[in-house]
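So the structure is just underneath, and the comments pick up after that.
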Amino acid sequence: MNDPREAWITAALRSRADQAQSRSDCPHPERIWDAVRLHVPLDERLAVIDHLSECPTCTEAWELA
């Protein structure tokens, strides 16, 4: 991670995840961040997006990212 913005976003996602009520099937915050940045295959990104439709905690992490 060379971009300081990436470090900030990663830290923010982690802190939100630590405070939030997560479900047992929530993706790791790094996976959400990777999906936002298109660093995962399309099927994985779609799985994260499907999860967002049912999980306000992860939706907030996505919006933050």
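Labeling convention for the structure tokens: chains A, B, ... as they appear, residues from 1 per chain, ligands from 1 in order of appearance.
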What's the 10 Å shell around His51 in chain A, counting only C-alpha atoms, without same-chain residues fewer than 5 positions away, as a list in words?
Asp25, Cys26, Pro27, Arg45, Leu46, Pro56, Cys58 and Thr59 of chain A
Of the listed residues A:Arg23, A:Glu30, A:Leu42, A:Ala35, that which approaches Cys55 in chain A most closely, counting only C-alpha atoms:
A:Arg23
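The neighbours of Val36 in chain A here are the residues that come within 10 Å of it, using only C-alpha atoms and leaving out any residue fewer than 6 positions away in the same chain; they are Glu30, Arg45, Val48, Ile49, Trp62, Glu63 and Ala65 of chain A.
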Take the residues that were just selected and, keeping N, CA and C atoms, output them as a short mmCIF file (atom, residue, chain, number, x, y, z; two decimals), in the first residue's frame.
data_model
loop_
_atom_site.label_atom_id
_atom_site.label_comp_id
_atom_site.auth_asym_id
_atom_site.auth_seq_id
_atom_site.Cartn_x
_atom_site.Cartn_y
_atom_site.Cartn_z
N GLU A 30 -11.35 -6.17 4.02
CA GLU A 30 -10.39 -6.13 2.91
C GLU A 30 -11.03 -6.62 1.61
N ARG A 45 -17.11 -10.14 -6.81
CA ARG A 45 -17.65 -8.79 -6.63
C ARG A 45 -19.18 -8.85 -6.57
N VAL A 48 -20.29 -10.05 -3.17
CA VAL A 48 -20.22 -8.98 -2.17
C VAL A 48 -21.42 -8.04 -2.34
N ILE A 49 -21.73 -7.68 -3.56
CA ILE A 49 -22.87 -6.79 -3.83
C ILE A 49 -24.17 -7.44 -3.39
N TRP A 62 -19.01 -0.34 2.32
CA TRP A 62 -18.87 -0.13 0.86
C TRP A 62 -18.94 1.36 0.53
N GLU A 63 -19.92 2.04 1.11
CA GLU A 63 -20.09 3.47 0.84
C GLU A 63 -18.88 4.26 1.33
N ALA A 65 -15.84 3.11 1.49
CA ALA A 65 -14.75 2.81 0.57
C ALA A 65 -14.94 3.57 -0.72
#
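Distance-wise, CA of Ala7 in chain A and CA of Thr57 in chain A end up 20.3 Å apart.
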Point-to-point distance in Å for CA of Glu60 in chain A and CA of His39 in chain A
19.4 Å
Enter the distance from CA of Ala47 in chain A to CA of Ala61 in chain A, in Å, rounded to one decimal.
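Rounded to one decimal, the two atoms are 15.2 Å apart.
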